[in-house]
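The block underneath contains the structure these notes are about, expressed in C-alpha cells.
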Amino acid sequence: MAGLQQRSLRIVLPALAGLAALLVFSALVGFAFGPVAGLASGLVVLVALYAVQIYFLGALGDWLNHPSLSDIPDGIGVWSEIFARVHRWHRAGEIGQRRLIDNEERFRRTISALPDGIILVDAALQIEWCNPVAERHLAISLRADQGLRLTNLVRDPRMVAYMTSGRFDTELVLRPLGNPTMILSLAVIEFEPARSIVITRDITQSERVDAMRRDFVANVSHELRTPLTVIKGFLESFGDAGEELGPVRLHHLRLMDEQAERMHRLIEDLLMLSRLESESPDTEDTVDIAQLAAEVADEARSLSSGRHDIVVDVPPTWVRGSRDELRSAFGNLVSNAIRYTPAGGRVQMRWQATADGGTFQVVDSGIGIAPEHMPRLTERFYRVEKSRSRETGGTGLGLAIVKHVLLRHDGRLEIQSEVGVGSTFSAWLPKSRLVMPAANAGADADAVAERAQALSASEPGVRTA
C-alpha cells in the first residue's frame, strides 16, 4: 500500500507544483502590472498547459489503438512518467504472454509425444484440441475437425452410447471402423464442468497376448477333459469293489476321487471362462429370475447340507439374457456365500428393483472380506483364504465368471462387505434387460408361488421370505 502511494505521489506532486507555480506567476504579474494583467497571463498559461495535456492524451489514445513498445510517445513532465510506466507495463505483459505461449507450446509438444491419444472436448462433445496420436486412432484431423462433435466424426454406435451416457467408471474397448485391425481402449476424464479429456490407447498387442492365453487355457482344458473323464471312470469302477479293496486302499481311492472331482470342476470353470471371453453373447432367452433362484436354492441346500439358513426373496421377474450364463453367475455367488459362512449362518437371495434396472443380491452373515482384498476379488484364482477354499473345493474362478457374465449382459458386480459381519454381492442388470411377458406373468407368478410353498414345506434348511 505504501509503495502504491509513493508511485501516485510521483505523478500528483509535479502537477500540484506546476499549479502552484502558475498561481505564483499570476500573482507576480498582477502585482507588477495590475490584476487584469495577472489574470490574463494566468489564463494564457493555463490554456497552454491544457493544450499540452490534450496533445499527450491524443498521443496516448493513438498508441492504445495500436500498442507497440517501439512506438510509445515521448512525454515531458508528468507525461514522461506516465509513458515510462506504460512502457514497463506493456513490456511486462509481452514477456508474460510470451512465457504463456512458450509454456502452452511446450505442453502441447509434451502431450503430442505421449503414446496415448488425447482429445479435449467441451460439454457438447465438440473437439477443442487433440494430439497426433488421437488423430491416427480415430481418423480425425485437428485442422479440419476442430469445433465439430466427436460423435459425429466417429460414428461407432458403442462409442456414441458411451460418450453420451455420462457413466465413465469403466473403459470402452472397441475396434475403430476405419481400422478394424486395431483395438482401442477409450476412457473419459471430466476435469471441468464444461470440459472433458478423452484418452485413447492402442491395446492391440495386449489383446492379442490375452487371446493367445485364452486359447491356450481353453485348448489345454479341453485336452485334459478326456483323460480326466477316463480316470474318473476307472476310479468309480474300482470304488464298486467296496470292502474287497481293504480300508487303506479304499481311503486312498476316495482321496483320488475327490481330487479328480476337484480337477474336473476346475477344468469346467476354465472352459466356461474361456467361452465367456471368446464367444459372442447368447442373450435371446427370457429368463424367469424367480424360478432360477429356486433352482439355485436347491443347489445351495445340497452344498450346505442343512448347516445354513437359506432365504429366497425373489418376486416374479423376467430378464432378457442367457439362462445358462445367469444361472452360473448366480450359482457362483450363492456357493461362495455358503463356503465363507460358518455353520448356523444365514444366506439370503433377493431381487431389488431400481430406477435404472434391477439387482440380484446374495447377502450372507459370513466372515466378511477385508478392504485390501476387495479390488482383486474378481481376478482369476485369487482367494481371500486359500486354506478354506481348498477345504470347500473352490476353484478361485467363481467371481471372475460372474464378472464376465454380467459384462456380457451390460451389467456389473458390486460388493459390500465388513469383516465379522457379512457380505452383499449385487449383480446389477440394466433396465433394458428387464421384460414382463404379459401373457405368462400371472401363470408364472402362480407357479413360482407353488414352488416356493412346496420348497418351504419339504426342506427345513430352506425358507422363502
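In the C-alpha cells, chains take the letters A, B, ... in the order shown, each chain's residues start at 1, and ligands count up from 1 in the order shown.
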Please identify which residues in segment 45-279 of chain A DSSP calls alpha helix (DSSP H) from the backbone, and express them as a PyMOL selection string.
-> chain A and resi 45-65+78-113+132-138+142-145+150-153+157-165+204-239+247-278
If you count only C-alpha atoms, which residues fall within 12 Å of Ile183 of chain A, apart from same-chain ones fewer than 4 positions away, as a ChimeraX atom specification?
-> /A:137-138,172-179,200-208
I'd like a table as a tab-separated table: residues in segment 137-226 of chain A with an atom no more than 10 Å from segment 269-279 of chain A, each row giving the shortest atom pair and its distance in Å to one decimal, only C-alpha atoms counted, sorted by chain and rising residue number.
```
residue	atom	partner	partner_atom	distance
A:Asp210	CA	A:Glu277	CA	9.9
A:Ala211	CA	A:Ser278	CA	8.0
A:Arg213	CA	A:Ser274	CA	9.6
A:Arg214	CA	A:Ser274	CA	5.9
A:Asp215	CA	A:Ser274	CA	7.6
A:Phe216	CA	A:Ser274	CA	9.6
A:Val217	CA	A:Leu270	CA	7.2
A:Ala218	CA	A:Leu271	CA	5.7
A:Asn219	CA	A:Leu271	CA	8.8
A:Val220	CA	A:Leu271	CA	9.5
A:Ser221	CA	A:Leu271	CA	6.5
A:His222	CA	A:Leu271	CA	7.3
A:Arg225	CA	A:Leu271	CA	9.8
```
Just N, CA and C atoms for this one: save the residues we selected as a PDB file, in the first residue's frame.
```pdb
ATOM      1  N   ASP A 210      -3.588 -61.645 -24.734  1.00  0.00           N
ATOM      2  CA  ASP A 210      -4.692 -62.207 -23.947  1.00  0.00           C
ATOM      3  C   ASP A 210      -5.437 -63.277 -24.732  1.00  0.00           C
ATOM      4  N   ALA A 211      -5.620 -63.034 -26.028  1.00  0.00           N
ATOM      5  CA  ALA A 211      -6.299 -64.028 -26.856  1.00  0.00           C
ATOM      6  C   ALA A 211      -5.486 -65.327 -26.929  1.00  0.00           C
ATOM      7  N   ARG A 213      -3.429 -66.359 -24.640  1.00  0.00           N
ATOM      8  CA  ARG A 213      -3.553 -67.002 -23.330  1.00  0.00           C
ATOM      9  C   ARG A 213      -4.888 -67.721 -23.207  1.00  0.00           C
ATOM     10  N   ARG A 214      -5.971 -67.066 -23.648  1.00  0.00           N
ATOM     11  CA  ARG A 214      -7.283 -67.699 -23.567  1.00  0.00           C
ATOM     12  C   ARG A 214      -7.343 -68.965 -24.419  1.00  0.00           C
ATOM     13  N   ASP A 215      -6.775 -68.888 -25.626  1.00  0.00           N
ATOM     14  CA  ASP A 215      -6.781 -70.076 -26.492  1.00  0.00           C
ATOM     15  C   ASP A 215      -5.972 -71.203 -25.865  1.00  0.00           C
ATOM     16  N   PHE A 216      -4.839 -70.841 -25.273  1.00  0.00           N
ATOM     17  CA  PHE A 216      -4.003 -71.871 -24.645  1.00  0.00           C
ATOM     18  C   PHE A 216      -4.747 -72.551 -23.503  1.00  0.00           C
ATOM     19  N   VAL A 217      -5.358 -71.726 -22.624  1.00  0.00           N
ATOM     20  CA  VAL A 217      -6.092 -72.288 -21.486  1.00  0.00           C
ATOM     21  C   VAL A 217      -7.254 -73.142 -21.977  1.00  0.00           C
ATOM     22  N   ALA A 218      -7.974 -72.649 -22.987  1.00  0.00           N
ATOM     23  CA  ALA A 218      -9.122 -73.407 -23.495  1.00  0.00           C
ATOM     24  C   ALA A 218      -8.670 -74.724 -24.115  1.00  0.00           C
ATOM     25  N   ASN A 219      -7.586 -74.700 -24.892  1.00  0.00           N
ATOM     26  CA  ASN A 219      -7.109 -75.925 -25.551  1.00  0.00           C
ATOM     27  C   ASN A 219      -6.595 -76.933 -24.529  1.00  0.00           C
ATOM     28  N   VAL A 220      -5.809 -76.448 -23.569  1.00  0.00           N
ATOM     29  CA  VAL A 220      -5.282 -77.361 -22.552  1.00  0.00           C
ATOM     30  C   VAL A 220      -6.423 -77.951 -21.723  1.00  0.00           C
ATOM     31  N   SER A 221      -7.387 -77.107 -21.343  1.00  0.00           N
ATOM     32  CA  SER A 221      -8.507 -77.602 -20.546  1.00  0.00           C
ATOM     33  C   SER A 221      -9.314 -78.635 -21.324  1.00  0.00           C
ATOM     34  N   HIS A 222      -9.500 -78.365 -22.606  1.00  0.00           N
ATOM     35  CA  HIS A 222     -10.258 -79.309 -23.433  1.00  0.00           C
ATOM     36  C   HIS A 222      -9.508 -80.632 -23.560  1.00  0.00           C
ATOM     37  N   ARG A 225      -9.765 -82.722 -20.381  1.00  0.00           N
ATOM     38  CA  ARG A 225     -11.089 -83.236 -20.015  1.00  0.00           C
ATOM     39  C   ARG A 225     -11.211 -84.722 -20.341  1.00  0.00           C
TER      40      ARG A 225
END
```
Have a look at atom CA of Tyr340 of chain A and atom CA of Gln416 of chain A and let me know their distance in Å, one decimal.
-> 14.5 Å
Tell me, which residues of segment 209-441 of chain A carry DSSP strand (DSSP E or B), written as a PyMOL selection string?
-> chain A and resi 285-288+309-313+318-321+346-354+357-364+412-418+422-430+434-435
Now that the selection is made, can you save its residues with N, CA and C atoms as a CSV table (one decimal), in the first residue's frame?
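The result, written out as result-v6.csv:
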```csv
chain,number,residue,atom,x,y,z
A,285,ASP,N,-32.8,-65.4,-24.6
A,285,ASP,CA,-33.9,-66.1,-23.8
A,285,ASP,C,-34.6,-65.1,-22.9
A,286,THR,N,-35.8,-65.4,-22.5
A,286,THR,CA,-36.5,-64.7,-21.5
A,286,THR,C,-36.4,-65.5,-20.2
A,287,VAL,N,-35.6,-65.1,-19.2
A,287,VAL,CA,-35.2,-65.9,-18.1
A,287,VAL,C,-36.1,-65.5,-16.9
A,288,ASP,N,-36.7,-66.5,-16.3
A,288,ASP,CA,-37.5,-66.3,-15.1
A,288,ASP,C,-36.6,-66.3,-13.9
A,309,ASP,N,-29.1,-71.3,7.1
A,309,ASP,CA,-30.4,-70.9,6.9
A,309,ASP,C,-30.5,-70.1,5.6
A,310,ILE,N,-31.2,-70.7,4.6
A,310,ILE,CA,-31.2,-70.1,3.2
A,310,ILE,C,-32.6,-69.5,3.0
A,311,VAL,N,-32.5,-68.2,2.6
A,311,VAL,CA,-33.8,-67.4,2.4
A,311,VAL,C,-33.8,-67.0,1.0
A,312,VAL,N,-35.0,-67.1,0.3
A,312,VAL,CA,-35.2,-66.7,-1.1
A,312,VAL,C,-36.3,-65.6,-1.0
A,313,ASP,N,-36.0,-64.5,-1.5
A,313,ASP,CA,-37.0,-63.4,-1.6
A,313,ASP,C,-36.9,-62.7,-3.0
A,318,TRP,N,-38.6,-61.2,-14.9
A,318,TRP,CA,-38.1,-61.8,-16.1
A,318,TRP,C,-37.1,-60.8,-16.7
A,319,VAL,N,-36.0,-61.4,-17.2
A,319,VAL,CA,-34.9,-60.6,-17.8
A,319,VAL,C,-34.6,-61.2,-19.1
A,320,ARG,N,-34.0,-60.4,-20.0
A,320,ARG,CA,-33.6,-60.9,-21.3
A,320,ARG,C,-32.1,-61.3,-21.2
A,321,GLY,N,-31.8,-62.5,-21.5
A,321,GLY,CA,-30.4,-62.9,-21.4
A,321,GLY,C,-30.2,-64.4,-21.6
A,346,ARG,N,-26.6,-67.3,7.9
A,346,ARG,CA,-27.7,-67.1,7.0
A,346,ARG,C,-27.3,-66.6,5.6
A,347,VAL,N,-27.9,-67.2,4.6
A,347,VAL,CA,-27.6,-66.7,3.2
A,347,VAL,C,-29.0,-66.4,2.6
A,348,GLN,N,-29.1,-65.2,2.1
A,348,GLN,CA,-30.3,-64.7,1.5
A,348,GLN,C,-30.2,-64.3,0.1
A,349,MET,N,-31.1,-64.8,-0.8
A,349,MET,CA,-31.1,-64.3,-2.2
A,349,MET,C,-32.4,-63.4,-2.3
A,350,ARG,N,-32.2,-62.3,-2.9
A,350,ARG,CA,-33.3,-61.4,-3.1
A,350,ARG,C,-33.1,-60.5,-4.4
A,351,TRP,N,-34.2,-60.0,-4.8
A,351,TRP,CA,-34.2,-59.2,-6.0
A,351,TRP,C,-34.8,-57.8,-5.7
A,352,GLN,N,-34.0,-56.8,-6.1
A,352,GLN,CA,-34.4,-55.4,-5.8
A,352,GLN,C,-34.5,-54.6,-7.1
A,353,ALA,N,-35.7,-54.0,-7.3
A,353,ALA,CA,-35.9,-53.2,-8.5
A,353,ALA,C,-35.3,-51.8,-8.2
A,354,THR,N,-34.6,-51.2,-9.2
A,354,THR,CA,-34.0,-49.9,-9.1
A,354,THR,C,-34.6,-49.0,-10.2
A,357,GLY,N,-32.8,-50.2,-13.4
A,357,GLY,CA,-32.6,-51.7,-13.7
A,357,GLY,C,-33.1,-52.5,-12.5
A,358,GLY,N,-32.4,-53.6,-12.3
A,358,GLY,CA,-32.7,-54.5,-11.2
A,358,GLY,C,-31.4,-55.2,-10.7
A,359,THR,N,-31.5,-55.7,-9.4
A,359,THR,CA,-30.3,-56.2,-8.8
A,359,THR,C,-30.6,-57.5,-8.1
A,360,PHE,N,-29.9,-58.6,-8.5
A,360,PHE,CA,-30.0,-59.9,-7.8
A,360,PHE,C,-28.9,-59.8,-6.7
A,361,GLN,N,-29.3,-59.9,-5.4
A,361,GLN,CA,-28.4,-59.8,-4.3
A,361,GLN,C,-28.3,-61.1,-3.6
A,362,VAL,N,-27.0,-61.4,-3.1
A,362,VAL,CA,-26.8,-62.5,-2.3
A,362,VAL,C,-26.2,-61.9,-1.0
A,363,VAL,N,-26.9,-62.0,0.1
A,363,VAL,CA,-26.5,-61.5,1.4
A,363,VAL,C,-26.2,-62.6,2.3
A,364,ASP,N,-25.0,-62.6,2.9
A,364,ASP,CA,-24.6,-63.6,3.9
A,364,ASP,C,-24.2,-63.0,5.2
A,412,ARG,N,-23.1,-55.2,-14.1
A,412,ARG,CA,-21.8,-55.1,-13.3
A,412,ARG,C,-22.0,-55.7,-11.9
A,413,LEU,N,-20.9,-56.1,-11.3
A,413,LEU,CA,-20.9,-56.7,-10.0
A,413,LEU,C,-20.5,-55.7,-8.9
A,414,GLU,N,-21.3,-55.5,-7.9
A,414,GLU,CA,-21.0,-54.6,-6.8
A,414,GLU,C,-20.9,-55.4,-5.5
A,415,ILE,N,-19.8,-55.1,-4.7
A,415,ILE,CA,-19.5,-55.9,-3.5
A,415,ILE,C,-19.4,-54.9,-2.3
A,416,GLN,N,-20.2,-55.3,-1.2
A,416,GLN,CA,-20.1,-54.6,0.0
A,416,GLN,C,-19.8,-55.6,1.1
A,417,SER,N,-18.8,-55.4,2.0
A,417,SER,CA,-18.5,-56.4,3.0
A,417,SER,C,-17.9,-55.7,4.2
A,418,GLU,N,-18.1,-56.4,5.4
A,418,GLU,CA,-17.5,-55.9,6.6
A,418,GLU,C,-17.0,-57.2,7.4
A,422,GLY,N,-20.5,-59.8,7.5
A,422,GLY,CA,-21.0,-60.5,6.3
A,422,GLY,C,-20.8,-59.7,5.1
A,423,SER,N,-21.3,-60.2,4.0
A,423,SER,CA,-21.0,-59.6,2.7
A,423,SER,C,-22.3,-59.5,1.9
A,424,THR,N,-22.4,-58.6,0.9
A,424,THR,CA,-23.5,-58.4,0.0
A,424,THR,C,-22.9,-58.4,-1.4
A,425,PHE,N,-23.3,-59.3,-2.2
A,425,PHE,CA,-22.8,-59.3,-3.6
A,425,PHE,C,-24.1,-59.0,-4.5
A,426,SER,N,-24.0,-57.9,-5.3
A,426,SER,CA,-25.1,-57.4,-6.1
A,426,SER,C,-24.8,-57.5,-7.5
A,427,ALA,N,-25.6,-58.3,-8.2
A,427,ALA,CA,-25.5,-58.5,-9.7
A,427,ALA,C,-26.5,-57.5,-10.3
A,428,TRP,N,-26.0,-56.4,-10.8
A,428,TRP,CA,-26.9,-55.4,-11.4
A,428,TRP,C,-27.1,-55.6,-12.8
A,429,LEU,N,-28.4,-55.5,-13.3
A,429,LEU,CA,-28.7,-55.6,-14.7
A,429,LEU,C,-29.5,-54.3,-15.1
A,430,PRO,N,-29.2,-53.8,-16.3
A,430,PRO,CA,-29.8,-52.5,-16.7
A,430,PRO,C,-31.3,-52.7,-17.0
A,434,LEU,N,-34.8,-55.9,-18.5
A,434,LEU,CA,-36.0,-56.3,-17.8
A,434,LEU,C,-37.1,-56.4,-18.8
A,435,VAL,N,-37.9,-57.6,-18.7
A,435,VAL,CA,-39.1,-57.8,-19.5
A,435,VAL,C,-40.2,-58.3,-18.6
```
Skipping near chain neighbours, those fewer than 6 positions away, what residues fall within 10 Å of segment 226-231 of chain A using only C-alpha atoms, listed as a list in words?
-> Ser237, Met256, Asp257, Ala260, Glu261, Met263, His264 and Ile267 of chain A
Can you work out the spacing between atom CA of Val421 of chain A and atom CA of Pro375 of chain A in Å, to one decimal?
->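 Calculated distance between atom CA of Val421 of chain A and atom CA of Pro375 of chain A is 19.2 Å.
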For Asp116 of chain A, which residue among A:Thr317, A:Ser141, A:Asn336, A:Asn131 is the nearest when counting only C-alpha atoms?
->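 Once distances to Asp116 of chain A are computed over only C-alpha atoms, the minimum belongs to A:Asn131.
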Nearest candidate to Leu406 of chain A (options A:Ser432, A:Ser304, A:Ser185, A:Ser322; using only C-alpha atoms) | A:Ser322
Long-range neighbours of Gly75 of chain A as a ChimeraX atom specification, 8 Å cut-off, only C-alpha atoms, 6 positions minimum in chain | /A:56,81,83
Just write the chosen residues, N, CA and C atoms, as an mmCIF file, in the first residue's frame.
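Below is the file again_22.cif, written as the result:
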```cif
data_model
loop_
_atom_site.group_PDB
_atom_site.id
_atom_site.type_symbol
_atom_site.label_atom_id
_atom_site.label_comp_id
_atom_site.auth_asym_id
_atom_site.auth_seq_id
_atom_site.Cartn_x
_atom_site.Cartn_y
_atom_site.Cartn_z
ATOM 1 N N PHE A 56 -0.992 15.274 -25.397
ATOM 2 C CA PHE A 56 -0.458 13.998 -24.921
ATOM 3 C C PHE A 56 -1.578 12.954 -24.706
ATOM 4 N N GLU A 81 6.652 10.445 -16.966
ATOM 5 C CA GLU A 81 6.491 9.354 -16.007
ATOM 6 C C GLU A 81 5.367 8.402 -16.436
ATOM 7 N N PHE A 83 4.246 7.754 -19.536
ATOM 8 C CA PHE A 83 4.666 6.931 -20.679
ATOM 9 C C PHE A 83 5.709 5.900 -20.255
#
```
